[in-house]
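All remarks here apply to the structure that follows.
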Amino acid sequence: MGDHYVLTEAHLATLEGPAAYGALAAGAVAVSAGRIVWCGPMAAVPDAYADWPRQALAGRLVTPGLIDCHTHIVFGGDRAGEFEMRLKGASYEEVARAGGGIVSTVAATRAADIVTLVETALPRLAQLIAEGVTTIEVKSGYGLDRETELNMLRAARRLGQQQNVTIRTSFLGAHAVPPEFAGRADAYLDEVCLPTLRAAHAEGLVDAVDGFCETIAFSPDQIARVFDLAAELNLPVKLHAEQLSHQGGAALAADRGALSVDHVEYATEADASAMAEAGSVAVLLPGAFYTLRETQAPPVEYFRQHGVAMALATDCNPGSSPLTSLLLALNMGCTLFRLTPEEALAGVTVNAARALGLADRGRIAAGLRADLAIWDVEHPAELAYRIGFNPLHARITGGILEKTT
């Protein structure tokens, strides 16, 4: 199709309005120059679009393009051996303290050049794209030295240039303390992390700043130092917090107006209240919860009670969540965390967009970017209900239609 067209005979899940899912049966969407210019009942398509080319969808479901707002898809090597260790009883923290975990991926990532990082990430990205993902966040954090952290971010930018998908980058230099700085976390921040953040920002590689606030990573006071620099550079922040224990990271992130607080299994009602006041999104990551066989689920009821927006993401990474299916994350969010299918879909569309600070997508509404997913299903709940099934019919990114079937 050309620069402008109208999708007709569509079952729309707009993710806005009073109806469940923002649903509109027998709907239509007009697209021009990569933007949605109108959506509504098919019988009410304005005369201005009467002569535009039309694509009849035969009642297929149309949702906003899916957004994976928390991934680590750029890395070297794999950690299948640690999967075996955990199955034999070792905890995530025990694996990390034994020299595995994040640090084991650091060595493999440092050994890879940009071309290798891109080539190995492309299959993971392709899997996400094949499920209707149109925007994806990619973190650094497996270099923990200046050049590798920069290369990870450069690789992420290159992925966005090679594929028809929006890539948002997060600098995660405060992910772990590398072996050469063992026991000297503050020295690592001073000598590597903070200077590298400055360099990455100067090169235009950073959209947001992230950190890992945990006993095996960095304290709230140390994360605060990273956030101070982010504020100086006018970069938004987000945080891995309260995943394995309660360290006060969620409160810190909320105090700094974080876009999102991620994992949050050990978050409290006070954390939920602070996040609601700050407008921070709770990003739930059921893939890590499942892989690590955790038992402490995020406090979904507190988030509901306090009006905290909840997003879902794959957390695709080589250690704790080797997950490249956002559709499976929808199902996991419902089965493991008891989200409703509507909350789950909002979690990978409108709320995921909020978690990335993107106001131009995540809903189907006039004026927004034309990122859409067309599905061979009748009801939005089917996207969360089915397991191991991909009903994507077509993906539209920036108005460009890509058929899959």
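Just remember, in the structure tokens the first chain shown is A, the second B, etc., residues are 1-based per chain, and ligands are 1-based in the order shown.
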For Arg256 (chain A), please output as a ChimeraX atom specification all residues within 12 Å (counting only C-alpha atoms; exclusion window: fewer than 3 positions along the same chain).
/A:209,220,223-231,235-239,249-253,259-261,274-275,277-280
What are the DSSP strand (DSSP E) residues of region 155-315 of chain A, as a PyMOL selection string?
chain A and resi 166-174+208-213+238-241+260-263+281-284+310-312
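Here CA of Arg79 (chain A) and CA of His175 (chain A) stand 17.0 Å from one another.
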Proximity check region 96-136 of chain A to region 49-68 of chain A, 9 Å, nearest pairs one decimal Å, only C-alpha atoms, as a Markdown table:
```
| residue | atom | partner | partner_atom | distance |
| --- | --- | --- | --- | --- |
| A:Leu128 | CA | A:Asp68 | CA | 8.3 |
| A:Ile129 | CA | A:Leu66 | CA | 8.9 |
| A:Glu131 | CA | A:Leu66 | CA | 8.1 |
| A:Gly132 | CA | A:Leu66 | CA | 5.7 |
| A:Val133 | CA | A:Leu66 | CA | 4.3 |
| A:Thr134 | CA | A:Gly65 | CA | 5.3 |
| A:Thr135 | CA | A:Ile67 | CA | 4.8 |
| A:Ile136 | CA | A:Asp68 | CA | 4.7 |
```
For the residues in that selection, give me N, CA and C atoms as a JSON list (two decimals), in the first residue's frame.
```
[["chain", "number", "residue", "atom", "x", "y", "z"],
["A", 128, "LEU", "N", 11.04, -11.52, 18.14],
["A", 128, "LEU", "CA", 10.13, -10.53, 18.70],
["A", 128, "LEU", "C", 9.32, -9.84, 17.61],
["A", 129, "ILE", "N", 9.99, -9.45, 16.54],
["A", 129, "ILE", "CA", 9.31, -8.79, 15.43],
["A", 129, "ILE", "C", 8.23, -9.70, 14.85],
["A", 131, "GLU", "N", 6.31, -11.58, 16.28],
["A", 131, "GLU", "CA", 5.12, -11.60, 17.13],
["A", 131, "GLU", "C", 4.46, -10.23, 17.24],
["A", 132, "GLY", "N", 4.74, -9.35, 16.30],
["A", 132, "GLY", "CA", 4.05, -8.07, 16.28],
["A", 132, "GLY", "C", 4.70, -6.97, 17.08],
["A", 133, "VAL", "N", 5.95, -7.17, 17.53],
["A", 133, "VAL", "CA", 6.65, -6.13, 18.27],
["A", 133, "VAL", "C", 7.14, -5.06, 17.30],
["A", 134, "THR", "N", 6.84, -3.81, 17.61],
["A", 134, "THR", "CA", 7.25, -2.69, 16.75],
["A", 134, "THR", "C", 8.22, -1.74, 17.46],
["A", 135, "THR", "N", 8.32, -1.86, 18.79],
["A", 135, "THR", "CA", 9.26, -1.05, 19.57],
["A", 135, "THR", "C", 9.89, -1.94, 20.62],
["A", 136, "ILE", "N", 11.19, -1.82, 20.80],
["A", 136, "ILE", "CA", 11.90, -2.65, 21.77],
["A", 136, "ILE", "C", 12.98, -1.83, 22.45]]
```
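Closest to Ala200 (chain A) among A:Gln247, A:Ser325, A:Thr397, A:Thr148 is A:Thr148, based on only C-alpha atoms.
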Could you pull out the residues in region 49-219 of chain A that DSSP calls alpha helix (DSSP H) from the backbone, as a PyMOL selection string?
chain A and resi 80-87+92-97+102-110+114-129+146-162+185-188+194-202
Test item: residues at most 10 Å from Phe389 (chain A), only C-alpha atoms, excluding those fewer than 6 positions along its chain, as a ChimeraX atom specification:
/A:131,327-328,382-383
Can I get the selected residues back with C-alpha atoms, as a PDB file, in the first residue's frame?
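As written to disk, again.pdb reads:
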```pdb
ATOM      1  CA  GLU A 131       5.125 -11.602  17.132  1.00  0.00           C
ATOM      2  CA  LEU A 327       3.109 -13.374  23.596  1.00  0.00           C
ATOM      3  CA  LEU A 328       4.296 -15.964  26.099  1.00  0.00           C
ATOM      4  CA  GLU A 382      -6.846 -14.941  22.859  1.00  0.00           C
ATOM      5  CA  LEU A 383      -3.424 -13.259  22.727  1.00  0.00           C
TER       6      LEU A 383
END
```
Quick one: everything within 6 Å of Thr169 (chain A), counting only C-alpha atoms, minus sequence neighbours fewer than 5 positions away in the same chain. Send it as a PyMOL selection string.
chain A and resi 137-139+206-207
With N, CA, C and O atoms retained, write the just-selected residues as a PDB file, in the first residue's frame.
```pdb
ATOM      1  N   GLU A 137      13.078  -2.009  23.765  1.00  0.00           N
ATOM      2  CA  GLU A 137      14.139  -1.375  24.553  1.00  0.00           C
ATOM      3  C   GLU A 137      15.301  -2.356  24.660  1.00  0.00           C
ATOM      4  O   GLU A 137      15.098  -3.558  24.842  1.00  0.00           O
ATOM      5  N   VAL A 138      16.535  -1.836  24.516  1.00  0.00           N
ATOM      6  CA  VAL A 138      17.739  -2.657  24.606  1.00  0.00           C
ATOM      7  C   VAL A 138      18.705  -2.004  25.588  1.00  0.00           C
ATOM      8  O   VAL A 138      19.007  -0.814  25.472  1.00  0.00           O
ATOM      9  N   LYS A 139      19.203  -2.786  26.534  1.00  0.00           N
ATOM     10  CA  LYS A 139      20.102  -2.271  27.563  1.00  0.00           C
ATOM     11  C   LYS A 139      21.550  -2.664  27.289  1.00  0.00           C
ATOM     12  O   LYS A 139      21.818  -3.716  26.701  1.00  0.00           O
ATOM     13  N   VAL A 206      22.349   7.101  24.188  1.00  0.00           N
ATOM     14  CA  VAL A 206      21.569   6.803  25.391  1.00  0.00           C
ATOM     15  C   VAL A 206      20.210   7.492  25.355  1.00  0.00           C
ATOM     16  O   VAL A 206      20.121   8.698  25.188  1.00  0.00           O
ATOM     17  N   ASP A 207      19.148   6.704  25.537  1.00  0.00           N
ATOM     18  CA  ASP A 207      17.799   7.261  25.680  1.00  0.00           C
ATOM     19  C   ASP A 207      17.349   7.315  27.136  1.00  0.00           C
ATOM     20  O   ASP A 207      16.496   8.122  27.488  1.00  0.00           O
TER      21      ASP A 207
END
```
Write out as a ChimeraX atom specification which residues come within 7 Å of Gly399 (chain A) when counting only C-alpha atoms, dropping same-chain ones fewer than 6 positions away.
/A:31,33-35,370-371
Wanna dump the region 52-155 of chain A-region 179-185 of chain A contacts at 12 Å for me, each residue with its shortest atom pair and the distance in Å to one decimal, counting only C-alpha atoms, ordered by chain and number, as CSV?
```
residue,atom,partner,partner_atom,distance
A:Ala96,CA,A:Pro179,CA,11.4
A:Arg97,CA,A:Ala182,CA,10.9
A:Ala98,CA,A:Pro179,CA,11.4
A:Gly99,CA,A:Pro179,CA,8.4
A:Gly100,CA,A:Pro179,CA,10.9
A:Ile102,CA,A:Pro179,CA,10.8
A:Val103,CA,A:Pro179,CA,7.4
A:Ser104,CA,A:Pro179,CA,9.9
A:Thr105,CA,A:Pro179,CA,12.0
A:Val106,CA,A:Pro179,CA,9.6
A:Ala107,CA,A:Pro179,CA,9.9
A:Gly143,CA,A:Pro179,CA,11.6
A:Leu144,CA,A:Pro179,CA,9.6
A:Asp145,CA,A:Glu180,CA,10.1
```
Would you mind telling me which residue in A:Cys39, A:Leu244, A:Val74, A:Leu189 lies nearest to Thr215 (chain A) when using only C-alpha atoms?
A:Leu244
